[in-house]
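Asks: data-v4.cif is reproduced below (mmCIF, C-alpha atoms).
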data_data
loop_
_atom_site.label_atom_id
_atom_site.label_comp_id
_atom_site.auth_asym_id
_atom_site.auth_seq_id
_atom_site.Cartn_x
_atom_site.Cartn_y
_atom_site.Cartn_z
CA MET J 26 -3.54 -63.54 70.85
CA LYS J 27 -1.59 -61.00 72.85
CA LYS J 28 0.38 -60.05 69.73
CA ILE J 29 -2.84 -59.55 67.73
CA LEU J 30 -4.26 -57.20 70.40
CA LEU J 31 -1.06 -55.16 70.47
CA ALA J 32 -1.14 -54.79 66.65
CA ILE J 33 -4.76 -53.60 66.70
CA LEU J 34 -3.94 -51.08 69.44
CA ALA J 35 -0.98 -49.70 67.45
CA ILE J 36 -3.16 -49.22 64.35
CA SER J 37 -5.84 -47.38 66.39
CA ILE J 38 -3.27 -45.03 67.91
CA SER J 39 -1.87 -44.26 64.42
CA LEU J 40 -5.31 -43.48 62.99
CA CYS J 41 -6.14 -41.24 65.94
CA SER J 42 -2.86 -39.34 65.54
CA ASP J 43 -3.54 -38.74 61.81
CA ALA J 44 -6.99 -37.40 62.60
CA GLN J 45 -5.56 -34.88 65.06
CA THR J 46 -2.81 -33.56 62.73
CA LYS J 47 -4.90 -33.32 59.56
CA LYS J 48 -5.83 -29.66 58.77
CA PRO J 49 -9.51 -28.91 58.20
CA VAL J 50 -10.51 -27.89 54.67
CA SER J 51 -11.40 -24.16 54.63
CA LYS J 52 -14.42 -23.11 52.65
CA PRO J 53 -14.02 -20.12 50.27
CA LYS J 54 -15.46 -16.88 51.66
CA PRO J 55 -18.26 -15.30 49.67
CA ALA J 56 -17.17 -12.32 47.55
CA VAL J 57 -17.90 -8.97 49.19
CA LYS J 58 -19.14 -6.29 46.85
CA PRO J 59 -17.37 -2.95 47.33
CA VAL J 60 -19.59 -0.34 48.88
CA ALA J 61 -19.81 2.85 46.80
CA LYS J 62 -18.65 5.94 48.63
CA THR J 63 -21.47 8.32 49.37
CA VAL J 64 -20.98 12.06 49.39
CA THR J 65 -22.67 13.82 52.27
CA PRO J 66 -24.24 17.14 51.19
CA ALA J 67 -23.17 20.26 53.08
CA PRO J 68 -25.45 23.31 53.32
CA LEU J 69 -24.75 26.68 51.73
CA LYS J 70 -25.68 29.95 53.43
CA LYS J 71 -26.50 33.31 51.89
CA THR J 72 -23.45 35.49 52.45
CA LEU J 73 -23.53 38.48 50.10
CA VAL J 74 -26.02 40.29 47.86
CA LEU J 75 -24.96 42.37 44.86
CA LYS J 76 -27.92 44.49 43.80
CA THR J 77 -27.44 45.22 40.11
CA SER J 78 -28.69 47.95 37.79
CA ASP J 79 -32.43 48.06 37.30
CA TYR J 80 -32.23 46.69 33.76
CA GLU J 81 -34.77 43.99 33.01
CA SER J 82 -32.97 42.18 30.20
CA GLY J 83 -30.33 39.54 29.83
CA ASN J 84 -29.08 36.63 31.86
CA GLY J 85 -26.37 36.86 34.44
CA ALA J 86 -23.10 36.10 32.65
CA SER J 87 -20.65 35.98 35.54
CA VAL J 88 -19.17 37.66 38.61
CA VAL J 89 -15.43 38.10 39.20
CA TRP J 90 -13.47 39.43 42.16
CA HIS J 91 -10.49 41.70 41.41
CA PRO J 92 -8.04 41.07 44.29
CA LEU J 93 -6.04 44.25 43.67
CA GLN J 94 -9.02 46.56 43.21
CA LYS J 95 -10.95 44.80 46.00
CA LYS J 96 -14.06 45.00 43.83
CA TYR J 97 -16.64 42.67 42.31
CA TYR J 98 -17.45 42.99 38.59
CA ALA J 99 -20.78 41.53 37.46
CA ALA J 100 -21.88 41.32 33.83
CA ARG J 101 -25.02 40.42 31.90
CA ALA J 102 -24.94 38.07 28.92
CA GLY J 103 -26.67 38.68 25.62
CA ASN J 104 -25.66 42.09 24.29
CA SER J 105 -22.72 44.50 24.37
CA THR J 106 -25.05 47.25 25.67
CA PHE J 107 -26.12 45.24 28.73
CA PRO J 108 -24.97 46.39 32.17
CA MET J 109 -21.60 45.92 33.78
CA ASP J 110 -21.97 46.56 37.52
CA VAL J 111 -19.09 47.16 39.93
CA PHE J 112 -19.36 46.63 43.69
CA ASN J 113 -17.08 47.25 46.64
CA ALA J 114 -16.07 44.46 49.02
CA ALA J 115 -19.20 45.00 51.14
CA GLY J 116 -21.48 44.54 48.10
CA LYS J 117 -22.43 48.19 47.52
CA ARG J 118 -22.74 49.14 43.87
CA ILE J 119 -20.28 51.92 43.06
CA SER J 120 -20.49 51.99 39.27
CA PRO J 121 -22.46 54.74 37.49
CA GLU J 122 -25.79 54.11 35.81
CA GLY J 123 -25.46 53.18 32.18
CA LEU J 124 -22.07 51.43 32.42
CA GLU J 125 -22.10 48.78 29.68
CA THR J 126 -20.22 45.54 29.09
CA GLN J 127 -19.14 46.75 25.60
CA PHE J 128 -18.84 43.06 24.72
CA ASP J 129 -21.27 40.17 24.43
CA ILE J 130 -19.93 38.38 27.49
CA ARG J 131 -20.17 34.72 28.43
CA GLY J 132 -17.33 33.89 30.84
CA LEU J 133 -15.46 36.33 33.06
CA TRP J 134 -12.20 35.78 34.98
CA TYR J 135 -9.23 37.54 36.56
CA ASP J 136 -5.87 36.88 34.86
CA ASN J 137 -3.48 36.55 37.79
CA VAL J 138 -0.39 36.98 35.58
CA LYS J 139 -1.36 40.07 33.60
CA LYS J 140 -3.49 41.46 36.44
CA ARG J 141 -6.55 42.11 34.30
CA ILE J 142 -10.16 41.00 33.85
CA CYS J 143 -10.72 38.82 30.81
CA THR J 144 -13.77 37.43 29.09
CA ASN J 145 -14.84 35.00 26.41
CA GLY J 146 -17.64 36.19 24.17
CA TYR J 147 -20.51 34.79 22.20
CA ASP J 148 -19.64 32.47 19.30
CA ASP J 149 -16.72 33.98 17.30
CA TYR J 150 -16.44 37.20 19.34
CA GLY J 151 -13.25 35.75 20.77
CA TRP J 152 -11.53 36.68 24.01
CA ALA J 153 -10.98 40.19 25.36
CA TYR J 154 -9.68 42.07 28.38
CA TYR J 155 -10.77 45.25 30.17
CA SER J 156 -8.71 48.33 30.84
CA LEU J 157 -9.77 50.09 34.04
CA THR J 158 -9.88 53.75 35.00
CA ALA J 159 -8.06 55.11 38.03
CA PHE J 160 -11.26 54.42 40.00
CA GLY J 161 -11.39 50.79 38.87
CA MET J 162 -14.25 51.23 36.38
CA PRO J 163 -14.13 49.29 33.08
CA ASP J 164 -13.05 51.73 30.38
CA THR J 165 -12.14 50.04 27.12
CA VAL J 166 -12.34 46.46 25.85
CA THR J 167 -9.50 45.02 23.79
CA VAL J 168 -10.05 41.83 21.83
CA PHE J 169 -6.85 39.80 21.84
CA CYS J 170 -8.19 36.66 20.17
CA TYR J 171 -10.63 36.49 17.28
CA GLU J 172 -10.77 32.70 17.07
CA ILE J 173 -13.49 30.42 18.40
CA LEU J 174 -11.66 29.13 21.45
CA GLN J 175 -14.69 27.34 22.90
CA PRO J 176 -16.83 24.31 22.06
CA SER J 177 -20.09 26.17 21.30
CA GLU J 178 -21.42 29.68 20.79
CA ASN J 179 -22.77 30.03 24.34
CA SER J 180 -19.95 28.29 26.19
CA VAL J 181 -18.92 29.91 29.46
CA GLY J 182 -15.25 29.74 30.41
CA CYS J 183 -13.74 29.47 33.88
CA PHE J 184 -10.10 30.13 34.70
CA ASP J 185 -7.49 28.01 36.51
CA PRO J 186 -4.70 30.32 37.74
CA LYS J 187 -2.36 27.42 38.58
CA THR J 188 -2.31 25.83 35.12
CA TYR J 189 -3.07 29.14 33.38
CA GLN J 190 -5.86 27.54 31.39
CA VAL J 191 -9.51 28.33 30.67
CA TYR J 192 -11.93 25.41 31.05
CA PHE J 193 -15.11 24.82 29.07
CA LEU J 194 -17.67 22.04 29.14
CA ASP J 195 -18.38 20.01 26.02
CA GLY J 196 -21.06 17.63 27.19
CA THR J 197 -19.41 16.01 30.20
CA LYS J 198 -15.86 16.64 28.94
CA VAL J 199 -13.73 19.44 30.37
CA LEU J 200 -11.73 21.12 27.59
CA ALA J 201 -8.71 23.25 28.49
CA TYR J 202 -7.38 26.15 26.39
CA GLY J 203 -4.18 28.02 27.15
CA ALA J 204 -4.88 31.50 28.53
CA GLY J 205 -1.59 33.09 27.53
CA GLY J 206 -3.08 36.38 26.39
CA ASP J 207 -1.60 37.49 23.08
CA ASP J 208 0.22 34.16 22.85
CA TYR J 209 -2.96 32.10 22.95
CA GLU J 210 -3.07 28.62 21.45
CA GLU J 211 -5.96 27.48 19.29
CA ASP J 212 -5.54 23.83 20.27
CA TYR J 213 -7.13 22.43 23.38
CA ILE J 214 -6.69 19.33 25.50
CA GLU J 215 -9.32 17.12 27.07
CA LYS J 216 -8.64 17.66 30.75
CA THR J 217 -11.06 15.09 32.13
CA THR J 218 -14.55 13.63 31.77
CA LEU J 219 -16.93 14.36 34.62
CA LEU J 220 -18.71 11.29 35.94
CA VAL J 221 -22.13 12.90 36.16
CA GLY J 222 -24.81 10.42 37.11
CA PRO J 223 -26.39 8.37 39.90
CA ASP J 224 -23.34 6.08 40.18
CA GLU J 225 -19.91 5.74 38.58
CA ALA J 226 -20.84 2.75 36.44
CA THR J 227 -23.73 4.64 34.87
CA ALA J 228 -21.87 7.94 34.73
CA SER J 229 -18.97 6.51 32.76
CA SER J 230 -21.26 6.03 29.75
CA ILE J 231 -22.90 9.48 29.91
CA THR J 232 -21.52 11.92 27.35
CA GLU J 233 -24.12 14.69 27.63
CA LEU J 234 -25.21 16.48 30.77
CA PRO J 235 -28.43 15.03 32.19
CA GLU J 236 -31.57 17.14 32.27
CA GLY J 237 -31.47 19.80 34.96
CA TYR J 238 -27.73 20.45 34.85
CA ASN J 239 -26.47 23.92 33.94
CA PRO J 240 -23.61 23.73 31.36
CA THR J 241 -21.80 26.65 33.05
CA PRO J 242 -18.78 25.23 34.89
CA VAL J 243 -17.00 27.02 37.71
CA PHE J 244 -13.44 26.55 38.94
CA THR J 245 -13.16 26.52 42.75
CA GLY J 246 -9.46 25.81 43.20
CA ILE J 247 -10.33 23.41 46.04
CA PRO J 248 -7.99 20.39 45.79
CA GLY J 249 -9.93 17.35 44.61
CA LYS J 250 -13.07 19.47 44.13
CA GLU J 251 -11.90 21.81 41.42
CA ILE J 252 -14.90 21.83 39.05
CA GLY J 253 -18.36 22.85 40.19
CA LEU J 254 -21.59 22.06 38.34
CA LEU J 255 -25.01 23.47 39.12
CA ASN J 256 -27.67 20.78 39.38
CA ALA J 257 -30.72 23.04 39.25
CA TYR J 258 -33.23 20.22 39.70
CA GLY J 259 -31.31 18.91 42.70
CA ASN J 260 -30.96 22.38 44.25
CA GLN J 261 -27.23 21.86 44.66
CA VAL J 262 -23.69 22.44 43.44
CA GLU J 263 -21.82 19.23 42.67
CA LEU J 264 -18.04 19.24 42.95
CA TYR J 265 -15.80 17.08 40.79
CA SER J 266 -12.14 16.12 40.83
CA LEU J 267 -10.19 17.50 37.88
CA SER J 268 -7.85 14.52 37.91
CA THR J 269 -10.37 11.66 38.18
CA GLY J 270 -13.66 13.22 37.09
CA LYS J 271 -15.38 11.72 40.14
CA ARG J 272 -17.96 13.61 42.18
CA THR J 273 -16.31 14.44 45.49
CA GLY J 274 -18.62 16.98 47.10
CA ILE J 275 -22.16 18.37 47.22
CA ARG J 276 -23.25 21.79 48.49
CA LYS J 277 -26.96 22.35 49.03
CA PHE J 278 -28.69 25.69 48.49
CA PRO J 279 -31.39 26.85 50.91
CA GLU J 280 -34.90 25.73 50.04
CA ASN J 281 -36.82 27.89 47.55
CA THR J 282 -33.61 29.12 45.87
CA THR J 283 -34.44 29.86 42.24
CA LEU J 284 -32.01 28.02 39.97
CA VAL J 285 -31.99 27.79 36.18
CA THR J 286 -30.36 25.46 33.68
CA ILE J 287 -28.37 27.99 31.66
CA PHE J 288 -26.09 30.94 32.65
CA ASN J 289 -26.75 32.84 35.93
CA PHE J 290 -24.12 30.86 37.87
CA ALA J 291 -20.61 31.86 38.97
CA TYR J 292 -17.91 31.30 41.58
CA THR J 293 -15.44 33.86 42.87
CA ASN J 294 -13.77 34.87 46.13
CA GLY J 295 -14.86 31.64 47.81
CA MET J 296 -18.57 32.06 47.04
CA TYR J 297 -21.08 30.47 44.68
CA PHE J 298 -23.18 33.17 43.02
CA ILE J 299 -26.69 32.81 41.62
CA PHE J 300 -28.30 35.59 39.60
CA ASP J 301 -31.84 36.25 40.79
CA LYS J 302 -33.52 37.70 37.70
CA ASP J 303 -36.73 38.54 39.55
CA ASN J 304 -34.94 40.80 42.02
CA MET J 305 -32.04 41.83 39.75
CA GLN J 306 -29.29 40.71 42.10
CA TRP J 307 -26.41 38.29 42.38
CA VAL J 308 -26.60 36.31 45.62
CA GLY J 309 -23.40 34.81 47.02
CA TYR J 310 -23.51 31.57 49.03
CA LYS J 311 -20.78 30.05 51.13
#
Please render this file's structure as structure tokens.
Replies:
Amino acid sequence: MKKILLAILAISISLCSDAQTKKPVSKPKPAVKPVAKTVTPAPLKKTLVLKTSDYESGNGASVVWHPLQKKYYAARAGNSTFPMDVFNAAGKRISPEGLETQFDIRGLWYDNVKKRICTNGYDDYGWAYYSLTAFGMPDTVTVFCYEILQPSENSVGCFDPKTYQVYFLDGTKVLAYGAGGDDYEEDYIEKTTLLVGPDEATASSITELPEGYNPTPVFTGIPGKEIGLLNAYGNQVELYSLSTGKRTGIRKFPENTTLVTIFNFAYTNGMYFIFDKDNMQWVGYK
């Protein structure tokens, strides 16, 4: 009997020891959905006003800052007889009445290599550059490319001084053309596709700009926020990465800013410019 009790006790101790050393079965954790990064809008403030010629025709084509002349050059789009206005650094117009663009301008940029102002024109007008007088006034226009180096007749180009390329929008695609002056190349490369939309999943399937977006791109040179798009309905500039196409920044205009969905938008000297057609002036925001 004593032996039987000892055997039962040994078995109980063994079972208890196994229960203590056995690892509990871990249940799988529920999958956590990644949270989409939100971009916090930052406000823009009115910084500079460029009061243009009192000429009630045409859209604002672009504004460009000439770093050597220390002047702003602002052009109208639509006709070679439309105004070209020149302003000093403080925003005072210093060009004479009647100064014309001499070219049907769309985009306008400063070529940092050849130290000159260049432009792309309407349709097959090509690309041209301005020669300036001793006082910095546009004198003659020289067309150096007669090809259609742009996706559509009203495409507006913006210039990247680091890659020495001019960017255009074709839907949501950014096309890049070499800006080598007389050694231009007709071929282009697809630089990136902008993910324009409420979220990345939706944006990846969008090939045309949604309603309310202005097809005029601007190049900011800000790392990771190189391309700017004007969302007129949203009252904001949206910034996109040139490498990924993702939206990485939002800048909000003051309330009651009049924005349109074609032309009348530019970026130069660290400011976003909107052409106010009612008051005939370019307004710079920063």
Asks: What is the CA of Met109 in chain J-CA of Glu125 in chain J distance in Å, reported with one decimal?
Replies: 5.0 Å
Asks: Hey, what's within 7 Å of Asp149 in chain J if we count all atoms listed in the file and toss same-chain stuff fewer than 6 positions away? As number ranges by chain, please?
Replies: J: 171-173
Asks: Taking C-alpha atoms for each residue, export the selection above as a PDB file, in the coordinates of the input.
Replies:
ATOM      1  CA  TYR J 171     -10.630  36.490  17.280  1.00  0.00           C
ATOM      2  CA  GLU J 172     -10.770  32.700  17.070  1.00  0.00           C
ATOM      3  CA  ILE J 173     -13.490  30.420  18.400  1.00  0.00           C
TER       4      ILE J 173
END
Asks: Ranking J:Arg272, J:Asn179, J:Asp195, J:Thr106 by minimum distance to Ser229 in chain J and counting only C-alpha atoms, which one comes first?
Replies: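 The answer is J:Arg272, which sits nearest to Ser229 in chain J.
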Asks: Is it possible to get the residues within 8 Å of (-26.5, 45.4, 24.3) (coordinates as in the file, counting only C-alpha atoms) written as a PDB file with C-alpha atoms, keeping the file's coordinate frame?
Replies:
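In the end it all went to out.pdb:
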ATOM      1  CA  GLY J 103     -26.670  38.680  25.620  1.00  0.00           C
ATOM      2  CA  ASN J 104     -25.660  42.090  24.290  1.00  0.00           C
ATOM      3  CA  SER J 105     -22.720  44.500  24.370  1.00  0.00           C
ATOM      4  CA  THR J 106     -25.050  47.250  25.670  1.00  0.00           C
ATOM      5  CA  PHE J 107     -26.120  45.240  28.730  1.00  0.00           C
ATOM      6  CA  GLU J 125     -22.100  48.780  29.680  1.00  0.00           C
ATOM      7  CA  THR J 126     -20.220  45.540  29.090  1.00  0.00           C
ATOM      8  CA  GLN J 127     -19.140  46.750  25.600  1.00  0.00           C
ATOM      9  CA  ASP J 129     -21.270  40.170  24.430  1.00  0.00           C
TER      10      ASP J 129
END
Asks: What does the structure give for the distance between CA of Leu124 in chain J and CA of Met162 in chain J, in Å to one decimal?
Replies: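 It comes out at 8.8 Å.
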Asks: Given the file above and the PyMOL selection byres ((chain J and resi 291-296) around 7), which residues are selected, and can you give them as a list in words?
Replies: Ser87, Val88, Val89, Trp90, Val243, Thr245, Asn289, Phe290, Tyr297, Phe298, Ile299, Gly309, Tyr310 and Lys311 of chain J
Asks: Restricted to C-alpha atoms, what would the selected residues look like written as a PDB file, keeping the file's coordinate frame?
Replies:
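Generated output (part_36.pdb):
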ATOM      1  CA  SER J  87     -20.650  35.980  35.540  1.00  0.00           C
ATOM      2  CA  VAL J  88     -19.170  37.660  38.610  1.00  0.00           C
ATOM      3  CA  VAL J  89     -15.430  38.100  39.200  1.00  0.00           C
ATOM      4  CA  TRP J  90     -13.470  39.430  42.160  1.00  0.00           C
ATOM      5  CA  VAL J 243     -17.000  27.020  37.710  1.00  0.00           C
ATOM      6  CA  THR J 245     -13.160  26.520  42.750  1.00  0.00           C
ATOM      7  CA  ASN J 289     -26.750  32.840  35.930  1.00  0.00           C
ATOM      8  CA  PHE J 290     -24.120  30.860  37.870  1.00  0.00           C
ATOM      9  CA  TYR J 297     -21.080  30.470  44.680  1.00  0.00           C
ATOM     10  CA  PHE J 298     -23.180  33.170  43.020  1.00  0.00           C
ATOM     11  CA  ILE J 299     -26.690  32.810  41.620  1.00  0.00           C
ATOM     12  CA  GLY J 309     -23.400  34.810  47.020  1.00  0.00           C
ATOM     13  CA  TYR J 310     -23.510  31.570  49.030  1.00  0.00           C
ATOM     14  CA  LYS J 311     -20.780  30.050  51.130  1.00  0.00           C
TER      15      LYS J 311
END
Asks: Name the residues in contact with Ala201 in chain J at a cut-off of 6 Å, using all atoms listed in the file, excluding same-chain residues fewer than 6 positions from it; report them as a PyMOL selection string.
Replies: chain J and resi 190-192+213-214
Asks: Measuring between all atoms listed in the file, which one of J:Thr282, J:Ala153, J:Thr188, J:Gly246 shows the shortest distance to Gln261 in chain J?
Replies: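 The closest residue to Gln261 in chain J is J:Thr282.
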Asks: Measure the distance from CA of Thr217 in chain J to CA of Gly151 in chain J in Å and round it to one decimal.
Replies: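 Taking CA of Thr217 in chain J as the start and CA of Gly151 in chain J as the end point, the length is 23.7 Å.
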Asks: Write out as a list in words the residues lying within 10 Å of Leu93 in chain J, counting all atoms listed in the file and excluding same-chain residues fewer than 4 positions away.
Replies: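 Surrounding residues, per the criterion: Lys140, Arg141 and Gly161 of chain J.
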Asks: Please produce a file of those selected residues containing C-alpha atoms, as an mmCIF file, in the coordinates of the input.
Replies:
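And here is the file that came out, selection_4.cif:
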data_model
loop_
_atom_site.group_PDB
_atom_site.id
_atom_site.type_symbol
_atom_site.label_atom_id
_atom_site.label_comp_id
_atom_site.auth_asym_id
_atom_site.auth_seq_id
_atom_site.Cartn_x
_atom_site.Cartn_y
_atom_site.Cartn_z
ATOM 1 C CA LYS J 140 -3.490 41.460 36.440
ATOM 2 C CA ARG J 141 -6.550 42.110 34.300
ATOM 3 C CA GLY J 161 -11.390 50.790 38.870
#
Asks: Would you mind completing range 95-125 of chain J to N, CA and C atoms and writing the output as an mmCIF file, in the coordinates of the input?
Replies:
data_model
loop_
_atom_site.group_PDB
_atom_site.id
_atom_site.type_symbol
_atom_site.label_atom_id
_atom_site.label_comp_id
_atom_site.auth_asym_id
_atom_site.auth_seq_id
_atom_site.Cartn_x
_atom_site.Cartn_y
_atom_site.Cartn_z
ATOM 1 N N LYS J 95 -10.025 45.129 44.904
ATOM 2 C CA LYS J 95 -10.950 44.800 46.000
ATOM 3 C C LYS J 95 -12.386 45.130 45.590
ATOM 4 N N LYS J 96 -12.727 44.713 44.380
ATOM 5 C CA LYS J 96 -14.060 45.000 43.830
ATOM 6 C C LYS J 96 -14.606 43.760 43.127
ATOM 7 N N TYR J 97 -15.953 43.692 43.095
ATOM 8 C CA TYR J 97 -16.640 42.670 42.310
ATOM 9 C C TYR J 97 -17.109 43.298 40.999
ATOM 10 N N TYR J 98 -16.978 42.556 39.908
ATOM 11 C CA TYR J 98 -17.450 42.990 38.590
ATOM 12 C C TYR J 98 -18.476 41.959 38.119
ATOM 13 N N ALA J 99 -19.691 42.429 37.849
ATOM 14 C CA ALA J 99 -20.780 41.530 37.460
ATOM 15 C C ALA J 99 -21.342 41.955 36.112
ATOM 16 N N ALA J 100 -21.461 41.004 35.201
ATOM 17 C CA ALA J 100 -21.880 41.320 33.830
ATOM 18 C C ALA J 100 -23.120 40.524 33.435
ATOM 19 N N ARG J 101 -23.874 41.103 32.512
ATOM 20 C CA ARG J 101 -25.020 40.420 31.900
ATOM 21 C C ARG J 101 -24.591 39.828 30.554
ATOM 22 N N ALA J 102 -25.215 38.729 30.198
ATOM 23 C CA ALA J 102 -24.940 38.070 28.920
ATOM 24 C C ALA J 102 -26.034 38.380 27.912
ATOM 25 N N GLY J 103 -25.658 38.552 26.664
ATOM 26 C CA GLY J 103 -26.670 38.680 25.620
ATOM 27 C C GLY J 103 -26.522 39.864 24.701
ATOM 28 N N ASN J 104 -25.777 40.917 25.133
ATOM 29 C CA ASN J 104 -25.660 42.090 24.290
ATOM 30 C C ASN J 104 -24.541 42.979 24.831
ATOM 31 N N SER J 105 -23.829 43.644 23.942
ATOM 32 C CA SER J 105 -22.720 44.500 24.370
ATOM 33 C C SER J 105 -23.196 45.778 25.065
ATOM 34 N N THR J 106 -24.507 46.062 24.986
ATOM 35 C CA THR J 106 -25.050 47.250 25.670
ATOM 36 C C THR J 106 -25.659 46.907 27.029
ATOM 37 N N PHE J 107 -25.584 45.646 27.432
ATOM 38 C CA PHE J 107 -26.120 45.240 28.730
ATOM 39 C C PHE J 107 -25.209 45.726 29.852
ATOM 40 N N PRO J 108 -25.727 45.781 31.073
ATOM 41 C CA PRO J 108 -24.970 46.390 32.170
ATOM 42 C C PRO J 108 -23.727 45.625 32.608
ATOM 43 N N MET J 109 -22.748 46.399 33.019
ATOM 44 C CA MET J 109 -21.600 45.920 33.780
ATOM 45 C C MET J 109 -21.651 46.653 35.114
ATOM 46 N N ASP J 110 -21.846 45.945 36.194
ATOM 47 C CA ASP J 110 -21.970 46.560 37.520
ATOM 48 C C ASP J 110 -20.719 46.278 38.341
ATOM 49 N N VAL J 111 -20.280 47.277 39.088
ATOM 50 C CA VAL J 111 -19.090 47.160 39.930
ATOM 51 C C VAL J 111 -19.504 47.406 41.382
ATOM 52 N N PHE J 112 -18.994 46.553 42.286
ATOM 53 C CA PHE J 112 -19.360 46.630 43.690
ATOM 54 C C PHE J 112 -18.101 46.647 44.561
ATOM 55 N N ASN J 113 -18.200 47.297 45.709
ATOM 56 C CA ASN J 113 -17.080 47.250 46.640
ATOM 57 C C ASN J 113 -17.128 45.925 47.415
ATOM 58 N N ALA J 114 -16.184 45.723 48.309
ATOM 59 C CA ALA J 114 -16.070 44.460 49.020
ATOM 60 C C ALA J 114 -17.295 44.147 49.881
ATOM 61 N N ALA J 115 -18.008 45.191 50.315
ATOM 62 C CA ALA J 115 -19.200 45.000 51.140
ATOM 63 C C ALA J 115 -20.449 44.720 50.310
ATOM 64 N N GLY J 116 -20.340 44.819 48.979
ATOM 65 C CA GLY J 116 -21.480 44.540 48.100
ATOM 66 C C GLY J 116 -22.245 45.758 47.658
ATOM 67 N N LYS J 117 -21.742 46.961 47.953
ATOM 68 C CA LYS J 117 -22.430 48.190 47.520
ATOM 69 C C LYS J 117 -22.028 48.522 46.083
ATOM 70 N N ARG J 118 -23.042 48.788 45.263
ATOM 71 C CA ARG J 118 -22.740 49.140 43.870
ATOM 72 C C ARG J 118 -22.144 50.542 43.809
ATOM 73 N N ILE J 119 -20.996 50.643 43.138
ATOM 74 C CA ILE J 119 -20.280 51.920 43.060
ATOM 75 C C ILE J 119 -20.099 52.382 41.620
ATOM 76 N N SER J 120 -20.601 51.603 40.677
ATOM 77 C CA SER J 120 -20.490 51.990 39.270
ATOM 78 C C SER J 120 -21.624 52.926 38.885
ATOM 79 N N PRO J 121 -21.405 53.801 37.905
ATOM 80 C CA PRO J 121 -22.460 54.740 37.490
ATOM 81 C C PRO J 121 -23.539 54.049 36.670
ATOM 82 N N GLU J 122 -24.712 54.631 36.650
ATOM 83 C CA GLU J 122 -25.790 54.110 35.810
ATOM 84 C C GLU J 122 -25.367 54.188 34.344
ATOM 85 N N GLY J 123 -25.740 53.166 33.609
ATOM 86 C CA GLY J 123 -25.460 53.180 32.180
ATOM 87 C C GLY J 123 -24.117 52.580 31.795
ATOM 88 N N LEU J 124 -23.338 52.082 32.764
ATOM 89 C CA LEU J 124 -22.070 51.430 32.420
ATOM 90 C C LEU J 124 -22.379 50.117 31.700
ATOM 91 N N GLU J 125 -21.784 49.931 30.523
ATOM 92 C CA GLU J 125 -22.100 48.780 29.680
ATOM 93 C C GLU J 125 -20.929 47.794 29.615
#
